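Asker: Structure file coords.cif (mmCIF, C-alpha atoms (C1' of nucleotides)) right here:
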```cif
data_upload
#
loop_
_atom_site.label_atom_id
_atom_site.label_comp_id
_atom_site.auth_asym_id
_atom_site.auth_seq_id
_atom_site.Cartn_x
_atom_site.Cartn_y
_atom_site.Cartn_z
CA MET A 1 -10.35 -45.44 -18.99
CA ILE A 2 -7.03 -43.71 -19.03
CA LEU A 3 -6.74 -43.72 -15.28
CA ASP A 4 -8.07 -47.24 -14.80
CA ALA A 5 -5.41 -48.44 -17.21
CA GLN A 6 -2.76 -47.32 -14.75
CA PRO A 7 -1.50 -50.15 -12.57
CA ASP A 8 -1.57 -48.05 -9.42
CA MET A 9 -4.87 -46.29 -9.95
CA LYS A 10 -8.50 -47.27 -9.64
CA VAL A 11 -11.56 -45.26 -10.51
CA VAL A 12 -13.95 -45.84 -7.64
CA ALA A 13 -16.85 -43.75 -8.83
CA ALA A 14 -18.15 -41.70 -11.71
CA VAL A 15 -21.03 -39.35 -11.20
CA ALA A 16 -23.26 -37.08 -13.21
CA ASP A 17 -23.24 -33.79 -11.34
CA GLY A 18 -21.62 -31.80 -8.59
CA ALA A 19 -23.98 -32.76 -5.81
CA GLU A 20 -23.44 -36.44 -6.48
CA ALA A 21 -19.71 -35.83 -6.64
CA VAL A 22 -19.64 -34.31 -3.18
CA ALA A 23 -21.83 -37.07 -1.75
CA GLU A 24 -19.83 -39.90 -3.26
CA ALA A 25 -16.52 -38.30 -2.39
CA ARG A 26 -17.57 -37.98 1.23
CA ARG A 27 -18.76 -41.57 1.27
CA LEU A 28 -15.82 -43.20 -0.50
CA ARG A 29 -13.10 -40.73 0.47
CA PRO A 30 -10.92 -41.37 -2.59
CA ASP A 31 -7.32 -40.24 -2.69
CA VAL A 32 -8.10 -37.81 -5.48
CA CYS A 33 -11.30 -36.28 -6.86
CA LEU A 34 -11.55 -35.07 -10.44
CA LEU A 35 -14.11 -32.33 -10.93
CA ASP A 36 -15.26 -30.31 -13.90
CA ILE A 37 -16.00 -26.65 -13.46
CA ARG A 38 -19.37 -26.62 -15.15
CA MET A 39 -21.54 -29.34 -13.70
CA PRO A 40 -25.29 -29.60 -13.22
CA ARG A 41 -26.87 -28.90 -9.83
CA LEU A 42 -23.64 -27.98 -8.09
CA ASP A 43 -20.85 -25.86 -9.51
CA GLY A 44 -17.38 -27.37 -9.62
CA LEU A 45 -15.93 -24.49 -7.65
CA GLU A 46 -18.60 -24.82 -5.00
CA ALA A 47 -18.07 -28.57 -4.86
CA THR A 48 -14.34 -27.98 -4.44
CA ARG A 49 -15.01 -25.60 -1.59
CA LEU A 50 -17.14 -28.25 0.10
CA LEU A 51 -14.50 -30.94 -0.32
CA ALA A 52 -11.24 -29.05 0.07
CA GLY A 53 -12.05 -25.46 0.87
CA PRO A 54 -10.92 -23.48 3.84
CA GLY A 55 -12.61 -24.64 6.99
CA VAL A 56 -13.15 -28.22 5.89
CA GLU A 57 -11.98 -30.52 8.66
CA SER A 58 -10.26 -33.20 6.53
CA PRO A 59 -9.81 -31.65 3.10
CA MET A 60 -9.55 -33.93 0.10
CA ARG A 61 -7.36 -33.62 -2.97
CA VAL A 62 -9.31 -32.10 -5.84
CA VAL A 63 -8.10 -31.78 -9.40
CA ILE A 64 -10.14 -29.57 -11.68
CA VAL A 65 -10.42 -30.90 -15.21
CA THR A 66 -12.16 -28.55 -17.58
CA THR A 67 -12.19 -27.22 -21.10
CA PHE A 68 -12.61 -23.64 -20.05
CA ASP A 69 -9.31 -21.85 -19.87
CA LEU A 70 -10.49 -18.76 -18.07
CA ASP A 71 -8.41 -16.94 -15.52
CA GLU A 72 -11.31 -16.50 -13.16
CA TYR A 73 -11.82 -20.27 -13.16
CA VAL A 74 -8.17 -20.88 -12.42
CA TYR A 75 -7.90 -18.48 -9.54
CA GLY A 76 -11.35 -19.42 -8.31
CA ALA A 77 -10.45 -23.09 -8.27
CA LEU A 78 -7.19 -22.52 -6.45
CA ARG A 79 -8.82 -20.28 -3.90
CA ALA A 80 -11.54 -22.89 -3.48
CA GLY A 81 -8.85 -25.37 -2.50
CA ALA A 82 -8.14 -27.29 -5.69
CA THR A 83 -4.83 -29.11 -5.77
CA GLY A 84 -4.51 -29.27 -9.55
CA PHE A 85 -5.96 -27.59 -12.60
CA LEU A 86 -5.97 -29.39 -15.91
CA LEU A 87 -7.34 -28.50 -19.30
CA LYS A 88 -8.98 -31.33 -21.17
CA ASP A 89 -6.62 -30.85 -24.10
CA SER A 90 -3.64 -31.63 -21.92
CA GLY A 91 -3.36 -35.24 -23.02
CA PRO A 92 -3.48 -38.47 -21.05
CA THR A 93 0.09 -38.27 -19.79
CA LEU A 94 -0.46 -35.08 -17.87
CA LEU A 95 -3.76 -36.35 -16.54
CA VAL A 96 -2.02 -39.33 -15.00
CA GLU A 97 0.77 -37.15 -13.69
CA ALA A 98 -1.70 -34.71 -12.21
CA VAL A 99 -3.48 -37.46 -10.32
CA LYS A 100 -0.17 -38.83 -9.08
CA ALA A 101 0.88 -35.41 -7.93
CA ALA A 102 -2.43 -34.74 -6.22
CA ALA A 103 -2.29 -38.08 -4.45
CA SER A 104 1.01 -37.09 -2.88
CA GLY A 105 -0.20 -33.63 -2.02
CA GLU A 106 1.50 -31.87 -4.87
CA SER A 107 0.09 -29.77 -7.66
CA LEU A 108 0.20 -30.06 -11.41
CA VAL A 109 -1.27 -27.30 -13.48
CA SER A 110 -1.73 -27.31 -17.24
CA PRO A 111 1.27 -25.75 -18.96
CA SER A 112 -0.90 -23.29 -20.86
CA VAL A 113 -2.38 -22.14 -17.58
CA THR A 114 0.92 -22.17 -15.74
CA VAL A 115 2.50 -19.82 -18.22
CA ARG A 116 -0.05 -17.20 -17.26
CA LEU A 117 0.29 -17.88 -13.56
CA LEU A 118 4.02 -17.39 -13.82
CA LYS A 119 3.56 -14.06 -15.48
CA HIS A 120 1.81 -12.90 -12.36
CA LEU A 121 4.59 -14.30 -10.21
CA SER A 122 7.59 -13.24 -12.19
CA GLN A 123 6.39 -9.75 -12.97
CA PRO A 124 4.19 -9.08 -9.99
CA LYS A 125 5.87 -5.75 -9.61
CA ARG A 126 5.51 -3.04 -12.14
CA SER A 127 7.48 0.15 -11.86
CA PRO A 128 5.05 2.82 -12.98
CA ALA A 129 7.81 5.40 -12.97
CA PRO A 130 11.12 4.13 -14.33
CA LEU A 131 12.82 6.32 -11.74
CA PRO A 132 14.99 8.81 -13.60
CA GLU A 133 17.17 8.98 -10.51
CA PRO A 134 17.25 6.13 -8.00
CA LEU A 135 16.56 6.51 -4.31
CA THR A 136 19.46 6.48 -1.92
CA ASP A 137 19.71 3.84 0.80
CA ARG A 138 18.59 6.27 3.44
CA GLU A 139 15.63 7.35 1.39
CA LEU A 140 14.64 3.72 0.98
CA ASP A 141 14.72 3.34 4.76
CA VAL A 142 12.26 6.19 5.00
CA VAL A 143 10.09 4.74 2.24
CA ARG A 144 9.87 1.39 3.98
CA LEU A 145 8.81 2.89 7.28
CA VAL A 146 6.38 5.34 5.74
CA ALA A 147 4.83 2.52 3.73
CA ARG A 148 4.16 0.68 6.97
CA GLY A 149 2.19 3.61 8.32
CA ARG A 150 4.76 5.27 10.54
CA THR A 151 4.46 9.00 11.15
CA ASN A 152 7.42 11.25 10.54
CA GLN A 153 8.09 11.36 14.26
CA GLU A 154 8.21 7.57 14.46
CA VAL A 155 10.42 7.33 11.39
CA ALA A 156 12.79 9.81 12.95
CA ALA A 157 12.90 7.80 16.17
CA GLU A 158 13.45 4.48 14.43
CA LEU A 159 16.19 5.85 12.23
CA PHE A 160 17.79 7.83 15.06
CA VAL A 161 17.59 11.12 13.21
CA SER A 162 15.65 14.30 13.72
CA LEU A 163 12.23 15.11 12.38
CA SER A 164 13.76 17.63 10.03
CA THR A 165 15.93 14.99 8.43
CA VAL A 166 13.00 12.75 7.79
CA LYS A 167 11.12 15.57 6.16
CA THR A 168 14.11 16.43 4.01
CA HIS A 169 14.40 12.84 2.83
CA LEU A 170 10.68 12.77 2.17
CA GLY A 171 11.03 15.88 0.07
CA SER A 172 13.59 14.30 -2.23
CA ILE A 173 11.53 11.12 -2.38
CA PHE A 174 8.54 13.14 -3.52
CA THR A 175 10.44 14.76 -6.34
CA LYS A 176 12.17 11.55 -7.38
CA LEU A 177 9.04 9.42 -7.42
CA GLY A 178 6.71 12.12 -8.58
CA THR A 179 4.36 11.39 -5.70
CA ARG A 180 2.22 13.98 -3.98
CA ASN A 181 1.76 12.52 -0.52
CA ARG A 182 3.03 9.75 1.71
CA VAL A 183 0.26 7.36 0.80
CA GLU A 184 1.34 7.45 -2.82
CA ILE A 185 4.81 6.61 -1.61
CA ALA A 186 3.32 3.68 0.29
CA ALA A 187 1.39 2.54 -2.78
CA TRP A 188 4.54 2.77 -4.88
CA ALA A 189 6.47 0.78 -2.28
CA TRP A 190 3.88 -1.98 -2.16
CA GLU A 191 3.54 -2.10 -5.92
CA SER A 192 7.23 -2.28 -6.57
CA GLY A 193 7.84 -4.79 -3.83
CA ILE A 194 9.97 -2.58 -1.59
CA VAL A 195 7.72 -3.71 1.22
CA GLY A 196 5.39 -6.68 1.49
CA MET B 197 18.90 -40.28 -23.52
CA ILE B 198 15.34 -39.82 -22.39
CA LEU B 199 14.77 -36.89 -24.69
CA ASP B 200 16.57 -38.37 -27.67
CA ALA B 201 14.35 -41.42 -27.39
CA GLN B 202 11.36 -39.24 -28.18
CA PRO B 203 10.39 -39.38 -31.85
CA ASP B 204 9.87 -35.63 -32.10
CA MET B 205 12.88 -34.48 -30.12
CA LYS B 206 16.57 -34.23 -30.79
CA VAL B 207 19.35 -33.27 -28.45
CA VAL B 208 21.58 -30.96 -30.45
CA ALA B 209 24.18 -30.19 -27.85
CA ALA B 210 25.38 -31.07 -24.38
CA VAL B 211 27.80 -28.80 -22.61
CA ALA B 212 29.79 -28.68 -19.44
CA ASP B 213 29.11 -25.27 -17.97
CA GLY B 214 26.97 -22.17 -18.19
CA ALA B 215 29.22 -20.16 -20.44
CA GLU B 216 29.34 -22.97 -22.97
CA ALA B 217 25.58 -23.32 -22.69
CA VAL B 218 25.00 -19.71 -23.61
CA ALA B 219 27.47 -19.86 -26.48
CA GLU B 220 26.06 -23.06 -27.94
CA ALA B 221 22.48 -21.95 -27.47
CA ARG B 222 23.18 -18.73 -29.33
CA ARG B 223 24.90 -20.62 -32.12
CA LEU B 224 22.41 -23.48 -32.55
CA ARG B 225 19.27 -21.67 -31.41
CA PRO B 226 17.47 -24.81 -30.20
CA ASP B 227 13.75 -24.79 -29.52
CA VAL B 228 14.37 -25.43 -25.85
CA CYS B 229 17.39 -25.12 -23.56
CA LEU B 230 17.74 -27.19 -20.42
CA LEU B 231 19.86 -25.56 -17.75
CA ASP B 232 20.91 -26.52 -14.26
CA ILE B 233 21.02 -23.89 -11.58
CA ARG B 234 24.47 -24.68 -10.28
CA MET B 235 26.91 -24.77 -13.13
CA PRO B 236 30.59 -23.94 -13.33
CA ARG B 237 31.78 -20.61 -14.72
CA LEU B 238 28.31 -19.19 -15.31
CA ASP B 239 25.38 -19.52 -12.98
CA GLY B 240 22.20 -21.06 -14.37
CA LEU B 241 20.17 -18.03 -13.38
CA GLU B 242 22.63 -15.72 -15.08
CA ALA B 243 22.68 -17.91 -18.15
CA THR B 244 18.89 -17.82 -18.21
CA ARG B 245 18.95 -14.07 -18.03
CA LEU B 246 21.31 -13.95 -20.99
CA LEU B 247 19.18 -16.30 -23.06
CA ALA B 248 15.64 -15.40 -22.04
CA GLY B 249 15.82 -12.51 -19.63
CA PRO B 250 14.14 -9.17 -19.94
CA GLY B 251 15.73 -7.08 -22.64
CA VAL B 252 16.91 -9.97 -24.78
CA GLU B 253 15.91 -9.34 -28.37
CA SER B 254 14.80 -12.87 -29.34
CA PRO B 255 14.39 -14.75 -26.06
CA MET B 256 14.75 -18.51 -26.07
CA ARG B 257 12.80 -21.10 -24.13
CA VAL B 258 14.68 -22.16 -21.03
CA VAL B 259 13.74 -24.98 -18.70
CA ILE B 260 15.57 -25.16 -15.42
CA VAL B 261 16.37 -28.69 -14.29
CA THR B 262 17.88 -28.89 -10.87
CA THR B 263 17.99 -30.87 -7.68
CA PHE B 264 17.75 -27.86 -5.45
CA ASP B 265 14.21 -27.19 -4.40
CA LEU B 266 14.74 -23.76 -2.96
CA ASP B 267 12.21 -21.00 -3.21
CA GLU B 268 14.80 -18.42 -4.09
CA TYR B 269 15.89 -20.56 -7.01
CA VAL B 270 12.34 -20.91 -8.23
CA TYR B 271 11.48 -17.26 -8.10
CA GLY B 272 14.90 -16.29 -9.31
CA ALA B 273 14.60 -18.58 -12.31
CA LEU B 274 11.16 -17.32 -13.22
CA ARG B 275 12.21 -13.72 -12.87
CA ALA B 276 15.26 -14.49 -14.97
CA GLY B 277 12.93 -15.61 -17.75
CA ALA B 278 12.78 -19.39 -17.39
CA THR B 279 9.82 -21.05 -19.03
CA GLY B 280 9.83 -24.17 -16.90
CA PHE B 281 11.23 -25.38 -13.62
CA LEU B 282 11.80 -29.06 -13.03
CA LEU B 283 13.27 -30.99 -10.16
CA LYS B 284 15.49 -33.88 -11.13
CA ASP B 285 13.32 -36.28 -9.17
CA SER B 286 10.33 -35.50 -11.36
CA GLY B 287 10.72 -38.51 -13.55
CA PRO B 288 11.19 -38.87 -17.29
CA THR B 289 7.54 -38.33 -18.17
CA LEU B 290 7.43 -34.84 -16.77
CA LEU B 291 10.77 -34.01 -18.32
CA VAL B 292 9.40 -34.84 -21.75
CA GLU B 293 6.20 -32.95 -21.04
CA ALA B 294 8.13 -29.94 -19.81
CA VAL B 295 10.17 -29.80 -22.99
CA LYS B 296 7.02 -30.16 -25.10
CA ALA B 297 5.35 -27.39 -23.16
CA ALA B 298 8.37 -25.12 -23.41
CA ALA B 299 8.61 -25.72 -27.15
CA SER B 300 5.09 -24.41 -27.57
CA GLY B 301 5.69 -21.48 -25.26
CA GLU B 302 3.96 -22.98 -22.26
CA SER B 303 5.24 -23.74 -18.80
CA LEU B 304 5.48 -26.88 -16.77
CA VAL B 305 6.64 -26.65 -13.21
CA SER B 306 7.39 -29.57 -10.90
CA PRO B 307 4.33 -30.48 -8.86
CA SER B 308 6.23 -30.19 -5.60
CA VAL B 309 7.25 -26.68 -6.56
CA THR B 310 3.86 -25.78 -7.95
CA VAL B 311 2.14 -26.59 -4.71
CA ARG B 312 4.15 -23.89 -3.01
CA LEU B 313 3.63 -21.41 -5.81
CA LEU B 314 -0.09 -21.92 -5.53
CA LYS B 315 -0.01 -21.23 -1.84
CA HIS B 316 1.29 -17.80 -2.67
CA LEU B 317 -1.45 -17.33 -5.23
CA SER B 318 -4.37 -18.75 -3.35
CA GLN B 319 -3.49 -17.30 0.01
CA PRO B 320 -1.36 -14.38 -0.99
CA LYS B 321 -3.26 -12.27 1.44
CA ARG B 322 -3.01 -12.57 5.15
CA SER B 323 -5.41 -10.75 7.39
CA PRO B 324 -3.34 -9.58 10.32
CA ALA B 325 -6.45 -8.44 12.11
CA PRO B 326 -9.37 -10.83 11.78
CA LEU B 327 -11.65 -7.82 11.71
CA PRO B 328 -14.03 -8.12 14.66
CA GLU B 329 -16.53 -6.18 12.58
CA PRO B 330 -16.31 -6.11 8.79
CA LEU B 331 -16.16 -2.98 6.71
CA THR B 332 -19.24 -1.87 4.85
CA ASP B 333 -19.22 -1.58 1.06
CA ARG B 334 -18.95 2.17 1.22
CA GLU B 335 -16.08 2.00 3.65
CA LEU B 336 -14.29 -0.38 1.30
CA ASP B 337 -14.71 2.17 -1.48
CA VAL B 338 -12.97 4.70 0.69
CA VAL B 339 -10.25 2.23 1.64
CA ARG B 340 -9.49 1.45 -1.99
CA LEU B 341 -9.14 5.09 -2.96
CA VAL B 342 -7.15 6.04 0.11
CA ALA B 343 -4.82 3.11 -0.51
CA ARG B 344 -4.09 4.50 -3.96
CA GLY B 345 -2.98 7.78 -2.48
CA ARG B 346 -6.08 9.90 -2.96
CA THR B 347 -6.65 12.79 -0.59
CA ASN B 348 -9.94 13.12 1.24
CA GLN B 349 -11.04 15.77 -1.23
CA GLU B 350 -10.34 13.49 -4.17
CA VAL B 351 -12.09 10.56 -2.53
CA ALA B 352 -15.11 12.77 -1.94
CA ALA B 353 -15.13 13.86 -5.58
CA GLU B 354 -14.75 10.33 -6.94
CA LEU B 355 -17.49 8.95 -4.72
CA PHE B 356 -19.77 11.96 -5.27
CA VAL B 357 -20.08 12.70 -1.57
CA SER B 358 -18.93 15.53 0.64
CA LEU B 359 -15.65 15.82 2.46
CA SER B 360 -17.45 15.32 5.75
CA THR B 361 -18.81 11.99 4.64
CA VAL B 362 -15.38 10.75 3.65
CA LYS B 363 -13.99 11.76 7.02
CA THR B 364 -16.84 10.04 8.80
CA HIS B 365 -16.20 6.82 6.89
CA LEU B 366 -12.52 7.13 7.62
CA GLY B 367 -13.32 7.47 11.28
CA SER B 368 -15.20 4.18 11.41
CA ILE B 369 -12.50 2.52 9.33
CA PHE B 370 -9.93 3.65 11.86
CA THR B 371 -11.82 2.15 14.76
CA LYS B 372 -12.70 -1.06 12.90
CA LEU B 373 -9.19 -1.74 11.63
CA GLY B 374 -7.40 -0.34 14.62
CA THR B 375 -5.32 1.86 12.38
CA ARG B 376 -4.05 5.26 13.36
CA ASN B 377 -3.59 7.00 10.03
CA ARG B 378 -4.44 6.63 6.37
CA VAL B 379 -1.15 5.03 5.47
CA GLU B 380 -1.83 2.17 7.84
CA ILE B 381 -5.14 1.77 6.07
CA ALA B 382 -3.25 1.65 2.79
CA ALA B 383 -0.82 -0.92 4.16
CA TRP B 384 -3.70 -3.05 5.41
CA ALA B 385 -5.41 -2.79 2.03
CA TRP B 386 -2.30 -3.87 0.14
CA GLU B 387 -1.57 -6.69 2.56
CA SER B 388 -5.06 -8.09 2.49
CA GLY B 389 -5.38 -7.74 -1.25
CA ILE B 390 -8.16 -5.16 -1.27
CA VAL B 391 -6.02 -3.29 -3.76
CA GLY B 392 -3.13 -4.43 -5.90
"C1'" DG C 393 -44.36 1.43 15.17
"C1'" DT C 394 -39.92 1.49 16.92
"C1'" DC C 395 -35.23 0.67 16.79
"C1'" DC C 396 -30.80 0.11 14.72
"C1'" DG C 397 -27.32 0.22 11.18
"C1'" DC C 398 -25.76 2.72 7.31
"C1'" DA C 399 -24.88 6.72 4.62
"C1'" DT C 400 -24.98 11.36 4.44
"C1'" DC C 401 -23.73 16.12 6.01
"C1'" DG C 402 -21.78 20.33 8.94
"C1'" DG C 403 -18.54 22.55 12.28
"C1'" DC C 404 -14.62 22.92 15.39
"C1'" DC C 405 -9.87 22.17 16.85
"C1'" DG C 406 -5.34 20.44 17.48
"C1'" DT C 407 -1.93 17.72 15.07
"C1'" DT C 408 0.51 16.20 11.25
"C1'" DC C 409 2.03 16.80 6.79
"C1'" DG C 410 4.28 18.95 2.73
"C1'" DG C 411 6.99 22.83 0.77
"C1'" DT C 412 10.59 26.08 1.20
"C1'" DT C 413 14.89 28.03 2.48
"C1'" DG C 414 19.19 27.73 4.44
"C1'" DA C 415 22.79 25.63 6.98
"C1'" DT C 416 26.74 22.15 8.53
"C1'" DC C 417 29.42 17.90 8.10
"C1'" DC C 418 31.66 14.22 5.66
"C1'" DT C 419 33.37 11.44 1.88
"C1'" DA C 420 34.61 10.30 -2.72
"C1'" DG C 421 36.31 11.92 -6.75
"C1'" DA C 422 38.08 15.41 -10.17
"C1'" DT D 423 42.61 21.14 -3.34
"C1'" DC D 424 38.29 21.97 -4.55
"C1'" DT D 425 33.83 20.12 -5.49
"C1'" DA D 426 29.59 17.43 -5.73
"C1'" DG D 427 26.45 14.71 -3.51
"C1'" DG D 428 24.62 12.53 0.52
"C1'" DA D 429 23.11 12.93 5.33
"C1'" DT D 430 22.10 15.74 8.88
"C1'" DC D 431 19.55 19.64 11.17
"C1'" DA D 432 16.45 24.18 11.99
"C1'" DA D 433 12.65 27.41 11.24
"C1'" DC D 434 8.45 28.74 9.11
"C1'" DC D 435 3.69 28.38 7.10
"C1'" DG D 436 -0.41 26.86 4.74
"C1'" DA D 437 -2.94 22.80 3.76
"C1'" DA D 438 -4.45 18.39 4.87
"C1'" DC D 439 -5.53 15.18 8.28
"C1'" DG D 440 -7.82 12.97 12.42
"C1'" DG D 441 -11.05 13.30 16.39
"C1'" DC D 442 -15.05 14.90 18.25
"C1'" DC D 443 -19.55 16.53 18.56
"C1'" DG D 444 -24.20 16.49 16.59
"C1'" DA D 445 -27.73 15.96 12.90
"C1'" DT D 446 -30.79 13.96 9.06
"C1'" DG D 447 -32.82 10.33 6.12
"C1'" DC D 448 -33.56 5.65 4.86
"C1'" DG D 449 -34.03 0.85 4.98
"C1'" DG D 450 -34.78 -3.55 7.34
"C1'" DA D 451 -35.72 -6.18 11.76
"C1'" DC D 452 -38.37 -7.01 15.70
#
```
What do you get writing this file as structure tokens?
Answerer:
Amino acid sequence: MILDAQPDMKVVAAVADGAEAVAEARRLRPDVCLLDIRMPRLDGLEATRLLAGPGVESPMRVVIVTTFDLDEYVYGALRAGATGFLLKDSGPTLLVEAVKAAASGESLVSPSVTVRLLKHLSQPKRSPAPLPEPLTDRELDVVRLVARGRTNQEVAAELFVSLSTVKTHLGSIFTKLGTRNRVEIAAWAWESGIVG
Amino acid sequence: MILDAQPDMKVVAAVADGAEAVAEARRLRPDVCLLDIRMPRLDGLEATRLLAGPGVESPMRVVIVTTFDLDEYVYGALRAGATGFLLKDSGPTLLVEAVKAAASGESLVSPSVTVRLLKHLSQPKRSPAPLPEPLTDRELDVVRLVARGRTNQEVAAELFVSLSTVKTHLGSIFTKLGTRNRVEIAAWAWESGIVG
DNA sequence: GTCCGCATCGGCCGTTCGGTTGATCCTAGA
DNA sequence: TCTAGGATCAACCGAACGGCCGATGCGGAC
């Protein structure tokens, strides 16, 4: 009703379960499909995969509309290829906006979900050790190369220094980071975003 | 004008630059602050950091409204503590919704920006090597532990197997992934999202 | 029943790594 | 001027790593 009331929208089908949704969507090829997560016969995530997932030749725009605000649903839906993710308490305005966005290939996600997504984006990097003393530039060079899997010999060659120098730098890195071996350095580098 | 027209909203201040924005926001403590990125005297990102950044005692809700759809702005704003991120072409509806969301501690991001954010979430992991033959479950166990910096001895202890077994698994991992040492395994694991 | 993949183990050997000590050079700052 | 810290290098040694060989047991597939 909400969507049909829009001047530039038309609901072309309404179905009872996921299998029907996939069949009708393939037949009618609407601009946007709205799917619930929990549906009889065929799961909403599975249906999304079939309509918009990786490997589909002409993927369609899928907006998930659900009452279940679970992280695994959110990430699952996005991995499955969903364009939008709306909670049913989002109100009619956002529903309309989400469909508009999906129709033009953009994504609208419920604000309450977005706030959690952003947490993962804005603080993706934790610093397990607050680093009592920071690494020098040269030590960071070594960290970056080590984290990419270079041996000490290769690090020395790429930095135009001797093997001894690399090992000396590594020694101070170990004490500063509190790491025991080069793989822990690599893990620290990936975690803190030095590399990646 | 758009916001003042809302029955439940009131614009309490409008300022000319970032420094004024911070001063007025601190004085009036509004429910939501709208900031542009490019402002005279004080950058929008810097202003956001001062109002909502990490370390601020009572952070305020900041929505960035800008015309510049640049990834570095988006990530910078979110890292700086922004609650929302809107492009000026988003239309009045989304502006109102973004303010509503921010007022209740949630986040609304422009659909055109969101679609790029989701790409990072849904395909954050690239697989540099398509893996001619996949790793077995046990080999993945070893990969995960190695990627966290465990030595072979520790891996053996945590998996309740002998050192020889760990080294055998590592051997097949090397050939399957084409890696030369354990740090390259770690790098592969972090890149492809096996760990992290 | 036979074969193959997987997981498990042992031993050997050369290489790399990590720790230690000590040294020189240079630059910025006290 | 002297000093502190960073970057550079050398030598040594034990431990860990990586490669290679072979072996056993177990499950499913043909």
Asker: Working over all C-alpha atoms in order, superimpose chain B onto chain A by least squares and state the RMSD in Å.
Answerer: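 That comparison of chain A with chain B gives 0.6 Å.
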Asker: Can you tell me how far CA of Ala278 (chain B) sits from CA of Ser300 (chain B), in Å to one decimal?
Answerer: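 One can read the CA of Ala278 (chain B) to CA of Ser300 (chain B) distance as 13.7 Å.
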Asker: Please check which residues have atoms at most 8 Å from (-12.2, 16.1, 13.2) in the file's coordinates, counting all atoms listed in the file, and write them as a PyMOL selection string.
Answerer: (chain B and resi 363) or (chain C and resi 404-405) or (chain D and resi 440-442)
Asker: Please determine the contact residues of chain A with respect to chain C at a cut-off of 9 Å, counting all atoms listed in the file, and supply them as number ranges by chain.
Answerer: A: 151-152, 167, 170-171, 180-182
Asker: In Å, rounded to a single decimal, give me how far CA of Leu341 (chain B) is from CA of Ala189 (chain A).
Answerer: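 Separation between CA of Ala189 (chain A) and CA of Leu341 (chain B): 16.2 Å.
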Asker: Which residues fall under the PyMOL selection byres ((chain A and resi 150) around 12) in this file, as a PyMOL selection string?
Answerer: (chain A and resi 141-149+151-159+166+182-183+186) or (chain B and resi 375-383) or (chain C and resi 408)
Asker: Please find the residues of chain D near chain A - the criterion being any atom within 12 Å, counting all atoms listed in the file - and write them as a list of chain:residue names.
Answerer: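 Listed by rising number, the hits are D:DG427, D:DG428, D:DA429, D:DT430, D:DC431, D:DA432, D:DA433, D:DA438, D:DC439.
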Asker: Grab the CA of Asp89 (chain A) to CA of Ile2 (chain A) distance for me, in Å with one decimal place.
Answerer: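 Computing it gives 13.8 Å between the two atoms.
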Asker: Could you please give me, as an MDAnalysis selection string, the residues of protein, DNA or RNA lying at most 9 Å from (19.2, -29.8, -30.2) in the coordinate frame of the file, considering only C-alpha atoms (C1' of nucleotides)?
Answerer: chainID B and resid 205:210 221 224:229
Asker: Which residues, named as in the file, does the PyMOL selection byres ((chain A and resi 52) around 8) pick out? Answer as a PDB file with C-alpha atoms, keeping the file's coordinate frame.
Answerer:
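Resulting contents of selection12.pdb:
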```pdb
ATOM      1  CA  THR A  48     -14.340 -27.980  -4.440  1.00  0.00           C
ATOM      2  CA  ARG A  49     -15.010 -25.600  -1.590  1.00  0.00           C
ATOM      3  CA  LEU A  50     -17.140 -28.250   0.100  1.00  0.00           C
ATOM      4  CA  LEU A  51     -14.500 -30.940  -0.320  1.00  0.00           C
ATOM      5  CA  GLY A  53     -12.050 -25.460   0.870  1.00  0.00           C
ATOM      6  CA  PRO A  54     -10.920 -23.480   3.840  1.00  0.00           C
ATOM      7  CA  VAL A  56     -13.150 -28.220   5.890  1.00  0.00           C
ATOM      8  CA  SER A  58     -10.260 -33.200   6.530  1.00  0.00           C
ATOM      9  CA  PRO A  59      -9.810 -31.650   3.100  1.00  0.00           C
ATOM     10  CA  MET A  60      -9.550 -33.930   0.100  1.00  0.00           C
ATOM     11  CA  ARG A  61      -7.360 -33.620  -2.970  1.00  0.00           C
ATOM     12  CA  VAL A  62      -9.310 -32.100  -5.840  1.00  0.00           C
ATOM     13  CA  ALA A  80     -11.540 -22.890  -3.480  1.00  0.00           C
ATOM     14  CA  GLY A  81      -8.850 -25.370  -2.500  1.00  0.00           C
ATOM     15  CA  ALA A  82      -8.140 -27.290  -5.690  1.00  0.00           C
TER      16      ALA A  82
END
```
Asker: On this file, the PyMOL selection byres ((chain B and resi 235-241) around 6) gives some set of residues; write that set as an MDAnalysis selection string.
Answerer: chainID B and resid 213:215 232:234 242:244 273
